[in-house]
>>> print(open('protein.cif').read())   # mmCIF, C-alpha atoms
data_run
loop_
_atom_site.label_atom_id
_atom_site.label_comp_id
_atom_site.auth_asym_id
_atom_site.auth_seq_id
_atom_site.Cartn_x
_atom_site.Cartn_y
_atom_site.Cartn_z
CA MET F 1415 3.63 25.74 -89.40
CA ASP F 1416 2.44 24.64 -85.98
CA ARG F 1417 -0.56 22.29 -86.08
CA ILE F 1418 -0.56 21.62 -82.32
CA SER F 1419 -1.68 24.32 -79.93
CA SER F 1420 -3.08 25.05 -76.51
CA ASP F 1421 -6.16 26.46 -78.26
CA LEU F 1422 -7.61 27.28 -81.65
CA PRO F 1423 -7.57 30.96 -82.63
CA GLY F 1424 -10.88 32.66 -83.20
CA GLY F 1425 -12.03 34.80 -86.09
CA ASP F 1426 -10.79 34.60 -89.63
CA SER F 1427 -7.25 33.68 -88.66
CA SER F 1428 -8.35 30.12 -87.92
CA ARG F 1429 -9.52 29.73 -91.53
CA GLY F 1430 -6.93 31.84 -93.29
CA ASP F 1431 -3.21 31.34 -92.81
CA ASN F 1432 -3.65 28.03 -90.91
CA GLU F 1433 -1.38 29.30 -88.10
CA MET F 1434 -2.04 28.04 -84.61
CA VAL F 1435 -1.54 30.38 -81.68
CA ASP F 1436 1.75 30.38 -79.82
CA PHE F 1437 1.95 29.34 -76.19
CA GLY F 1438 2.10 32.41 -73.96
CA GLY F 1439 4.42 33.01 -71.05
CA GLU F 1440 7.52 31.06 -70.07
CA PRO F 1441 6.60 27.38 -69.71
CA ASP F 1442 8.62 25.44 -67.18
CA ALA F 1443 10.77 22.43 -68.03
CA ALA F 1444 8.01 19.93 -67.18
CA ALA F 1445 5.55 21.72 -69.47
CA LEU F 1446 8.07 21.83 -72.29
CA LEU F 1447 8.78 18.13 -71.85
CA ALA F 1448 5.07 17.29 -71.88
CA GLN F 1449 4.60 19.36 -75.02
CA ALA F 1450 7.54 17.66 -76.73
CA ARG F 1451 6.14 14.24 -75.88
CA LEU F 1452 2.76 15.27 -77.26
CA ARG F 1453 4.29 16.41 -80.53
CA LEU F 1454 6.22 13.17 -80.89
CA SER F 1455 3.05 11.15 -80.23
CA ILE F 1456 1.18 12.61 -83.21
CA PRO F 1457 2.57 11.53 -86.60
CA ASP F 1458 3.41 14.30 -89.06
CA GLU F 1459 1.42 12.37 -91.67
CA LEU F 1460 -1.81 13.53 -90.03
CA PHE F 1461 -0.89 17.15 -90.72
CA THR F 1462 0.28 16.63 -94.32
CA LEU F 1463 -2.80 15.08 -95.94
CA ASN F 1464 -3.51 16.38 -99.44
CA GLU F 1465 -7.09 17.64 -99.03
CA LEU F 1466 -7.64 17.73 -95.28
CA ASP F 1467 -6.21 20.47 -93.04
CA VAL F 1468 -5.83 19.09 -89.52
CA PHE F 1469 -5.08 20.91 -86.26
CA TYR F 1470 -4.87 19.58 -82.71
CA SER F 1471 -5.99 21.84 -79.86
CA GLU F 1472 -4.41 20.57 -76.65
CA GLY F 1473 -6.49 22.81 -74.39
CA GLU F 1474 -9.77 21.53 -75.83
CA GLN F 1475 -8.43 18.04 -76.54
CA ALA F 1476 -9.99 18.51 -79.95
CA LEU F 1477 -8.93 17.61 -83.45
CA TRP F 1478 -10.17 20.21 -85.92
CA THR F 1479 -10.25 19.15 -89.57
CA TYR F 1480 -11.20 21.14 -92.65
CA MET F 1481 -11.87 19.69 -96.08
CA SER F 1482 -9.67 21.62 -98.51
CA PRO F 1483 -10.57 20.20 -101.94
CA ALA F 1484 -8.22 20.63 -104.87
CA ALA F 1485 -11.16 21.17 -107.26
CA ARG F 1486 -14.93 20.90 -106.83
CA PRO F 1487 -15.77 20.28 -103.14
CA SER F 1488 -16.90 16.69 -103.58
CA PHE F 1489 -15.79 13.29 -102.34
CA THR F 1490 -13.21 12.59 -105.02
CA PRO F 1491 -11.06 9.44 -104.78
CA THR F 1492 -8.19 11.62 -103.51
CA MET F 1493 -10.28 13.08 -100.71
CA LEU F 1494 -11.68 9.66 -99.79
CA GLY F 1495 -8.11 8.37 -99.56
CA ASP F 1496 -7.30 11.20 -97.18
CA PHE F 1497 -10.31 10.33 -95.03
CA VAL F 1498 -9.21 6.69 -94.82
CA ASN F 1499 -5.74 7.76 -93.64
CA TRP F 1500 -7.22 10.40 -91.33
CA GLN F 1501 -9.35 7.81 -89.57
CA ARG F 1502 -6.51 5.28 -89.44
CA LEU F 1503 -4.09 7.75 -87.85
CA ILE F 1504 -6.63 9.03 -85.33
CA ALA F 1505 -7.61 5.51 -84.25
CA ALA F 1506 -3.95 4.50 -83.88
CA HIS F 1507 -2.62 7.51 -81.98
CA PHE F 1508 -5.47 9.09 -80.00
CA GLY F 1509 -7.58 7.99 -77.06
CA PRO F 1510 -7.01 6.46 -73.62
CA GLU F 1511 -3.31 6.00 -72.77
CA ARG F 1512 -2.41 7.89 -75.95
CA VAL F 1513 -2.92 11.48 -77.14
CA PRO F 1514 -5.98 12.83 -75.29
CA LEU F 1515 -8.98 13.37 -77.53
CA ARG F 1516 -12.49 14.40 -76.56
CA TYR F 1517 -13.84 16.05 -79.71
CA LEU F 1518 -13.44 15.45 -83.43
CA VAL F 1519 -14.63 18.36 -85.60
CA LEU F 1520 -15.06 18.43 -89.39
CA GLY F 1521 -15.66 21.59 -91.42
CA SER F 1522 -14.75 22.88 -94.86
CA ARG F 1523 -12.58 25.58 -96.38
CA ALA F 1524 -14.60 25.74 -99.62
CA PRO F 1525 -16.34 29.14 -99.66
CA GLY F 1526 -20.04 28.70 -98.93
CA VAL F 1527 -19.92 24.92 -99.25
CA PHE F 1528 -19.56 22.10 -96.76
CA CYS F 1529 -19.58 19.42 -99.46
CA PHE F 1530 -21.50 18.66 -102.64
CA GLY F 1531 -21.17 14.92 -102.04
CA GLY F 1532 -20.37 12.28 -104.63
CA ASP F 1533 -18.04 12.81 -107.57
CA LEU F 1534 -20.69 13.26 -110.27
CA GLU F 1535 -18.25 13.40 -113.17
CA LEU F 1536 -16.68 10.14 -112.02
CA PHE F 1537 -20.13 8.55 -111.67
CA ALA F 1538 -21.09 9.56 -115.19
CA SER F 1539 -17.85 8.10 -116.55
CA PHE F 1540 -18.37 4.76 -114.80
CA ILE F 1541 -22.01 4.58 -115.88
CA ARG F 1542 -21.16 5.25 -119.53
CA GLN F 1543 -18.58 2.44 -119.29
CA GLY F 1544 -21.14 0.11 -117.70
CA ASN F 1545 -18.64 -0.37 -114.88
CA ARG F 1546 -20.80 -1.53 -111.98
CA ASP F 1547 -17.80 -2.84 -110.03
CA ALA F 1548 -16.18 0.60 -109.99
CA LEU F 1549 -19.42 2.27 -108.88
CA ALA F 1550 -19.89 -0.26 -106.08
CA ALA F 1551 -16.25 0.01 -104.99
CA TYR F 1552 -16.60 3.80 -104.72
CA GLY F 1553 -19.78 3.41 -102.68
CA TYR F 1554 -18.31 0.75 -100.41
CA ARG F 1555 -15.39 3.02 -99.62
CA CYS F 1556 -17.76 5.87 -98.75
CA VAL F 1557 -19.94 3.82 -96.42
CA GLU F 1558 -16.94 2.23 -94.72
CA ILE F 1559 -15.71 5.73 -93.84
CA LEU F 1560 -19.22 6.73 -92.78
CA HIS F 1561 -19.69 3.62 -90.65
CA ARG F 1562 -16.43 4.21 -88.78
CA ASN F 1563 -17.53 7.78 -88.11
CA ILE F 1564 -20.97 6.65 -86.91
CA ASN F 1565 -19.11 4.60 -84.32
CA ALA F 1566 -16.76 7.48 -83.43
CA LEU F 1567 -13.76 5.38 -84.49
CA ASP F 1568 -14.45 3.23 -81.40
CA LEU F 1569 -13.03 6.05 -79.23
CA PRO F 1570 -14.67 7.81 -76.25
CA ILE F 1571 -15.14 11.03 -78.22
CA LEU F 1572 -17.91 13.25 -79.52
CA THR F 1573 -17.93 13.96 -83.25
CA ILE F 1574 -19.12 17.34 -84.54
CA GLY F 1575 -20.01 18.34 -88.09
CA MET F 1576 -19.63 22.11 -88.58
CA VAL F 1577 -21.63 23.45 -91.52
CA GLN F 1578 -20.90 26.84 -93.06
CA GLY F 1579 -22.67 26.63 -96.39
CA GLN F 1580 -24.27 24.01 -98.64
CA ALA F 1581 -24.35 20.34 -97.65
CA LEU F 1582 -25.82 18.40 -100.55
CA GLY F 1583 -26.08 14.75 -101.55
CA GLY F 1584 -23.28 12.73 -100.03
CA GLY F 1585 -22.16 15.82 -98.11
CA PHE F 1586 -25.47 15.75 -96.23
CA GLU F 1587 -25.22 11.98 -95.81
CA ALA F 1588 -21.73 12.34 -94.33
CA LEU F 1589 -23.00 14.86 -91.78
CA LEU F 1590 -25.65 12.41 -90.62
CA SER F 1591 -22.88 10.18 -89.27
CA PHE F 1592 -21.78 12.80 -86.70
CA ASP F 1593 -22.96 12.90 -83.11
CA TYR F 1594 -23.75 16.62 -83.37
CA ILE F 1595 -24.29 19.00 -86.26
CA ILE F 1596 -23.71 22.71 -85.68
CA ALA F 1597 -24.77 24.85 -88.64
CA GLU F 1598 -24.55 28.54 -89.40
CA ARG F 1599 -27.75 30.29 -90.40
CA GLY F 1600 -27.89 30.51 -94.17
CA SER F 1601 -26.54 26.99 -94.61
CA SER F 1602 -28.63 24.58 -96.68
CA PHE F 1603 -29.17 20.84 -96.91
CA GLY F 1604 -30.57 18.64 -99.63
CA LEU F 1605 -30.51 15.36 -101.51
CA PRO F 1606 -30.75 16.23 -105.22
CA GLU F 1607 -30.08 12.75 -106.65
CA VAL F 1608 -33.71 12.19 -107.61
CA MET F 1609 -33.51 15.05 -110.13
CA PHE F 1610 -31.33 12.89 -112.38
CA GLY F 1611 -33.15 9.62 -111.74
CA LEU F 1612 -31.07 8.26 -108.87
CA PHE F 1613 -31.26 8.17 -105.07
CA PRO F 1614 -28.73 8.83 -102.29
CA GLY F 1615 -26.96 5.51 -101.80
CA MET F 1616 -24.51 6.14 -99.00
CA GLY F 1617 -26.34 6.47 -95.72
CA ALA F 1618 -29.40 8.68 -96.06
CA HIS F 1619 -32.04 5.92 -96.06
CA ALA F 1620 -30.53 4.02 -93.15
CA ILE F 1621 -29.90 7.03 -90.92
CA LEU F 1622 -32.81 9.34 -91.71
CA SER F 1623 -35.40 6.56 -91.36
CA ARG F 1624 -34.08 5.86 -87.86
CA LYS F 1625 -33.94 9.52 -86.88
CA LEU F 1626 -37.18 10.77 -88.41
CA GLY F 1627 -39.26 7.72 -89.33
CA GLN F 1628 -39.78 6.30 -92.80
CA ALA F 1629 -42.39 8.80 -94.01
CA MET F 1630 -40.33 11.91 -93.25
CA ALA F 1631 -37.16 10.26 -94.52
CA ASP F 1632 -38.91 9.50 -97.83
CA ARG F 1633 -40.10 13.09 -98.08
CA ILE F 1634 -36.57 14.44 -97.72
CA ILE F 1635 -34.96 11.80 -99.94
CA MET F 1636 -37.48 11.82 -102.78
CA GLY F 1637 -38.77 15.40 -102.61
CA ASN F 1638 -35.78 17.15 -104.23
CA GLU F 1639 -36.19 20.05 -101.82
CA THR F 1640 -33.52 22.20 -100.23
CA TYR F 1641 -33.86 22.70 -96.48
CA SER F 1642 -32.51 25.61 -94.48
CA ALA F 1643 -30.41 25.13 -91.37
CA GLU F 1644 -33.38 26.40 -89.39
CA ALA F 1645 -35.69 23.77 -90.92
CA MET F 1646 -33.16 21.03 -90.16
CA TYR F 1647 -32.94 22.32 -86.60
CA GLU F 1648 -36.71 22.05 -86.20
CA LEU F 1649 -36.53 18.45 -87.44
CA GLY F 1650 -33.77 17.66 -84.94
CA ILE F 1651 -31.12 16.92 -87.57
CA VAL F 1652 -29.15 20.08 -86.79
CA HIS F 1653 -28.46 20.27 -83.06
CA GLN F 1654 -27.36 23.89 -82.74
CA LEU F 1655 -27.63 27.01 -84.88
CA ALA F 1656 -24.91 29.64 -85.14
CA GLU F 1657 -24.97 33.11 -86.62
CA LEU F 1658 -23.28 33.60 -89.98
CA GLY F 1659 -19.51 33.50 -89.52
CA GLU F 1660 -19.79 32.20 -85.95
CA GLY F 1661 -19.66 28.45 -86.58
CA GLU F 1662 -16.26 27.90 -85.01
CA ALA F 1663 -17.16 30.00 -81.98
CA ALA F 1664 -20.34 27.97 -81.57
CA VAL F 1665 -18.37 24.72 -81.69
CA ARG F 1666 -15.94 26.00 -79.05
CA GLU F 1667 -18.89 27.10 -76.89
CA PHE F 1668 -20.46 23.65 -77.28
CA MET F 1669 -17.23 21.96 -76.20
CA ALA F 1670 -16.85 24.26 -73.19
CA LYS F 1671 -20.43 23.61 -72.06
CA SER F 1672 -20.00 19.86 -72.59
CA ALA F 1673 -16.74 19.55 -70.65
CA ARG F 1674 -18.24 18.45 -67.32
CA ARG F 1675 -20.75 16.06 -68.85
CA HIS F 1676 -18.51 14.68 -71.56
CA ALA F 1677 -18.53 11.11 -70.23
CA GLY F 1678 -22.31 11.12 -69.96
CA LEU F 1679 -22.73 12.46 -73.48
CA VAL F 1680 -20.35 9.84 -74.88
CA GLY F 1681 -22.25 7.14 -73.02
CA ALA F 1682 -25.58 8.44 -74.30
CA ARG F 1683 -24.31 8.36 -77.88
CA CYS F 1684 -23.10 4.79 -77.40
CA ALA F 1685 -26.53 3.80 -76.07
CA SER F 1686 -28.22 5.52 -79.02
CA ARG F 1687 -26.03 3.64 -81.49
CA ARG F 1688 -26.87 0.38 -79.76
CA ALA F 1689 -30.62 1.12 -79.88
CA ASN F 1690 -30.54 2.26 -83.52
CA GLU F 1691 -27.70 0.21 -84.95
CA VAL F 1692 -26.69 0.84 -88.54
CA THR F 1693 -24.60 -2.08 -89.74
CA LEU F 1694 -21.97 -1.94 -92.44
CA ALA F 1695 -23.70 -4.86 -94.17
CA GLU F 1696 -26.90 -2.81 -94.46
CA LEU F 1697 -25.01 0.16 -95.89
CA ARG F 1698 -23.20 -2.02 -98.41
CA ASP F 1699 -26.49 -3.61 -99.51
CA ILE F 1700 -27.90 -0.14 -100.19
CA VAL F 1701 -24.78 0.70 -102.22
CA ASP F 1702 -25.47 -2.41 -104.32
CA ASP F 1703 -29.02 -1.18 -105.00
CA TRP F 1704 -27.63 2.27 -105.86
CA ALA F 1705 -25.05 0.86 -108.29
CA ASP F 1706 -27.71 -1.25 -110.03
CA ALA F 1707 -30.00 1.77 -110.36
CA ALA F 1708 -27.17 3.98 -111.63
CA LEU F 1709 -26.58 1.69 -114.60
CA GLN F 1710 -30.21 2.24 -115.66
CA LEU F 1711 -29.81 5.99 -116.08
CA ARG F 1712 -30.48 7.39 -119.54
CA ASP F 1713 -28.15 9.60 -121.51
CA SER F 1714 -30.33 12.61 -120.66
CA ASP F 1715 -29.92 11.80 -116.95
CA LEU F 1716 -26.15 11.65 -117.31
CA LYS F 1717 -26.09 14.98 -119.14
CA LEU F 1718 -28.11 16.54 -116.32
CA MET F 1719 -25.72 15.01 -113.78
CA GLN F 1720 -22.74 16.54 -115.59
CA ARG F 1721 -24.47 19.92 -115.91
CA LEU F 1722 -25.05 19.89 -112.16
CA ALA F 1723 -21.36 19.12 -111.61
CA GLY F 1724 -20.45 22.04 -113.89
CA ALA F 1725 -22.80 24.38 -112.04
CA GLN F 1726 -21.23 23.37 -108.74
CA SER F 1727 -17.76 24.12 -110.07
CA ARG F 1728 -18.84 27.55 -111.34
CA LEU F 1729 -20.46 28.36 -107.99
CA VAL F 1730 -17.24 27.61 -106.12
CA ARG F 1731 -15.13 29.62 -108.57
CA SER F 1732 -17.41 32.64 -108.29
CA ALA F 1733 -17.29 32.49 -104.47
CA ALA F 1734 -13.50 32.20 -104.28
#
>>> encode(input="protein.cif", output="structure tokens")
Amino acid sequence: MDRISSDLPGGDSSRGDNEMVDFGGEPDAAALLAQARLRLSIPDELFTLNELDVFYSEGEQALWTYMSPAARPSFTPTMLGDFVNWQRLIAAHFGPERVPLRYLVLGSRAPGVFCFGGDLELFASFIRQGNRDALAAYGYRCVEILHRNINALDLPILTIGMVQGQALGGGFEALLSFDYIIAERGSSFGLPEVMFGLFPGMGAHAILSRKLGQAMADRIIMGNETYSAEAMYELGIVHQLAELGEGEAAVREFMAKSARRHAGLVGARCASRRANEVTLAELRDIVDDWADAALQLRDSDLKLMQRLAGAQSRLVRSAA
């Protein structure tokens, strides 16, 4: 299975059999040598992660990644471990003087779902045990991944979150760490934590308050409302809308239109991060508040949390 290509195929083939297109024509010896060097420069480990499908498009200088969860599309410890390795391998092998990279794209293979966010069943288990340390450790790991993504892995790249379905809780928070969000019409966004007596503890407060101001951030965080892709576009959270089923095409179109101004866009994102800095210390402090609040949940809250997790699992099974 070839995970390195001159381009990413369009249509359903890019999300189905995972095959990358073959190179056309008869490449000369120099081209074959360059391709061989490229393949040797990217470790196989990047393409064999358990719950992330990764493809490198040489023509676009883009790394396309799809979450491919083993069970409910949430940030389980296994998936978080994959994200840590994903970021480590990208930072070590891509960028100036290494494998060229201009765009980093994250989507999902879960039907109708980008990500439901935190592992609710795991949370309920830790809370029943009174295990604050485990809750905090989970949260720290999440915000460390998020913080590295906010800073584009310290590489001169643009990061793109591609949404083709529901982005809830920590899934929405994760998207907020990307430079650009491209969402298909019909996608939805929300922070449901307040319904079971908690709040989103892994990025929403810090990022939304900077993007939208405190009042609007509070409305989204505490209102327990679901927002359409169109509503998020009007707020400026979603940067581009795509028709249903056209998310990948929209991302490729964005990359093509951004090619000539890539350096300027990267510089603008760096300036924005400098003007609206989100520190890891701030994110970790919020995790501490979240862990303390989680331990105050009542049994009825935990039952609701677990019912929500069950409903999410049934939704994914019915869509498969």
>>> closest_residue(input="protein.cif", among="F:Tyr1647, F:Ala1551, F:Gly1579, F:Pro1614", to="Ala1631 of chain F", atoms="only C-alpha atoms")
F:Pro1614
>>> resolve_selection(input="protein.cif", expression="the PyMOL selection byres ((chain F and resi 1554-1562) around 8)", output="JSON, numbers by chain")
{"F": [1494, 1497, 1498, 1501, 1550, 1551, 1552, 1553, 1563, 1564, 1565, 1566, 1567, 1568, 1588, 1591, 1616, 1617, 1692, 1693, 1694, 1697, 1698, 1701]}
>>> closest_atom_pairs(input="protein.cif", of="segment 1528-1618 of chain F", to="segment 1654-1675 of chain F", cutoff="7 Å", atoms="all atoms listed in the file", output="CSV")
residue,atom,partner,partner_atom,distance
F:Met1576,CA,F:Gly1661,CA,6.6
F:Gln1578,CA,F:Gly1661,CA,6.8
F:Ile1595,CA,F:Gln1654,CA,6.8
F:Ile1596,CA,F:Gln1654,CA,4.8
F:Ala1597,CA,F:Leu1655,CA,5.2
F:Glu1598,CA,F:Ala1656,CA,4.4
F:Arg1599,CA,F:Glu1657,CA,5.5
F:Gly1600,CA,F:Leu1658,CA,7.0
>>> write_last_selection(input="protein.cif", atoms="C-alpha atoms", output="tab-separated table (two decimals), in the frame of the given file")
chain	number	residue	atom	x	y	z
F	1576	MET	CA	-19.63	22.11	-88.58
F	1578	GLN	CA	-20.90	26.84	-93.06
F	1595	ILE	CA	-24.29	19.00	-86.26
F	1596	ILE	CA	-23.71	22.71	-85.68
F	1597	ALA	CA	-24.77	24.85	-88.64
F	1598	GLU	CA	-24.55	28.54	-89.40
F	1599	ARG	CA	-27.75	30.29	-90.40
F	1600	GLY	CA	-27.89	30.51	-94.17
>>> residues_around(input="protein.cif", residues="Thr1573 of chain F", least_positions_apart="4", cutoff="7 Å", atoms="all atoms listed in the file", output="PDB file with C-alpha atoms, in the frame of the given file")
ATOM      1  CA  TYR F1517     -13.840  16.050 -79.710  1.00  0.00           C
ATOM      2  CA  LEU F1518     -13.440  15.450 -83.430  1.00  0.00           C
ATOM      3  CA  VAL F1519     -14.630  18.360 -85.600  1.00  0.00           C
ATOM      4  CA  ALA F1566     -16.760   7.480 -83.430  1.00  0.00           C
ATOM      5  CA  PHE F1592     -21.780  12.800 -86.700  1.00  0.00           C
ATOM      6  CA  ASP F1593     -22.960  12.900 -83.110  1.00  0.00           C
ATOM      7  CA  TYR F1594     -23.750  16.620 -83.370  1.00  0.00           C
TER       8      TYR F1594
END
>>> closest_residue(input="protein.cif", among="F:Met1609, F:Ala1548, F:Ala1689, F:Cys1684", to="Ala1705 of chain F", atoms="only C-alpha atoms")
F:Ala1548
>>> resolve_selection(input="protein.cif", expression="the PyMOL selection byres ((chain F and resi 1525) around 12)", output="NGL selection string")
:F and (1429-1430 or 1480-1483 or 1486-1487 or 1521-1524 or 1526-1529 or 1577-1580 or 1601 or 1659 or 1726-1727 or 1729-1734)
>>> atom_distance(input="protein.cif", atom1="atom CA of Ala1620 of chain F", atom2="atom CA of Leu1503 of chain F")
27.2 Å
>>> closest_residue(input="protein.cif", among="F:Asp1699, F:Glu1644, F:Glu1465, F:Asp1632", to="Ala1484 of chain F", atoms="only C-alpha atoms")
F:Glu1465
>>> atom_distance(input="protein.cif", atom1="atom CA of Gly1584 of chain F", atom2="atom CA of Ala1618 of chain F")
8.3 Å
>>> atom_distance(input="protein.cif", atom1="atom CA of Gln1628 of chain F", atom2="atom CA of Leu1582 of chain F")
20.0 Å
>>> closest_residue(input="protein.cif", among="F:Ile1651, F:Trp1500, F:Leu1612, F:Ala1629", to="Ala1538 of chain F", atoms="only C-alpha atoms")
F:Leu1612
>>> resolve_selection(input="protein.cif", expression="the PyMOL selection byres ((chain F and resi 1603) around 9)", output="compact mmCIF listing (two decimals) with C-alpha atoms, in the coordinates of the input")
# COMPACT_ATOMS: atom_id res chain seq x y z
CA GLY F 1579 -22.67 26.63 -96.39
CA GLN F 1580 -24.27 24.01 -98.64
CA ALA F 1581 -24.35 20.34 -97.65
CA LEU F 1582 -25.82 18.40 -100.55
CA GLY F 1583 -26.08 14.75 -101.55
CA GLY F 1585 -22.16 15.82 -98.11
CA PHE F 1586 -25.47 15.75 -96.23
CA SER F 1601 -26.54 26.99 -94.61
CA SER F 1602 -28.63 24.58 -96.68
CA GLY F 1604 -30.57 18.64 -99.63
CA LEU F 1605 -30.51 15.36 -101.51
CA GLU F 1639 -36.19 20.05 -101.82
CA THR F 1640 -33.52 22.20 -100.23
CA TYR F 1641 -33.86 22.70 -96.48
CA SER F 1642 -32.51 25.61 -94.48
CA ALA F 1643 -30.41 25.13 -91.37
CA MET F 1646 -33.16 21.03 -90.16
>>> residues_around(input="protein.cif", residues="Leu1716 of chain F", least_positions_apart="3", cutoff="9 Å", atoms="only C-alpha atoms", output="list in words")
Phe1537, Ala1538, Ile1541, Arg1542, Phe1610, Leu1711, Arg1712, Asp1713, Met1719, Gln1720 and Arg1721 of chain F
>>> closest_residue(input="protein.cif", among="F:Ala1723, F:Ala1677, F:Ala1682, F:Ile1418", to="Leu1477 of chain F", atoms="all atoms listed in the file")
F:Ile1418
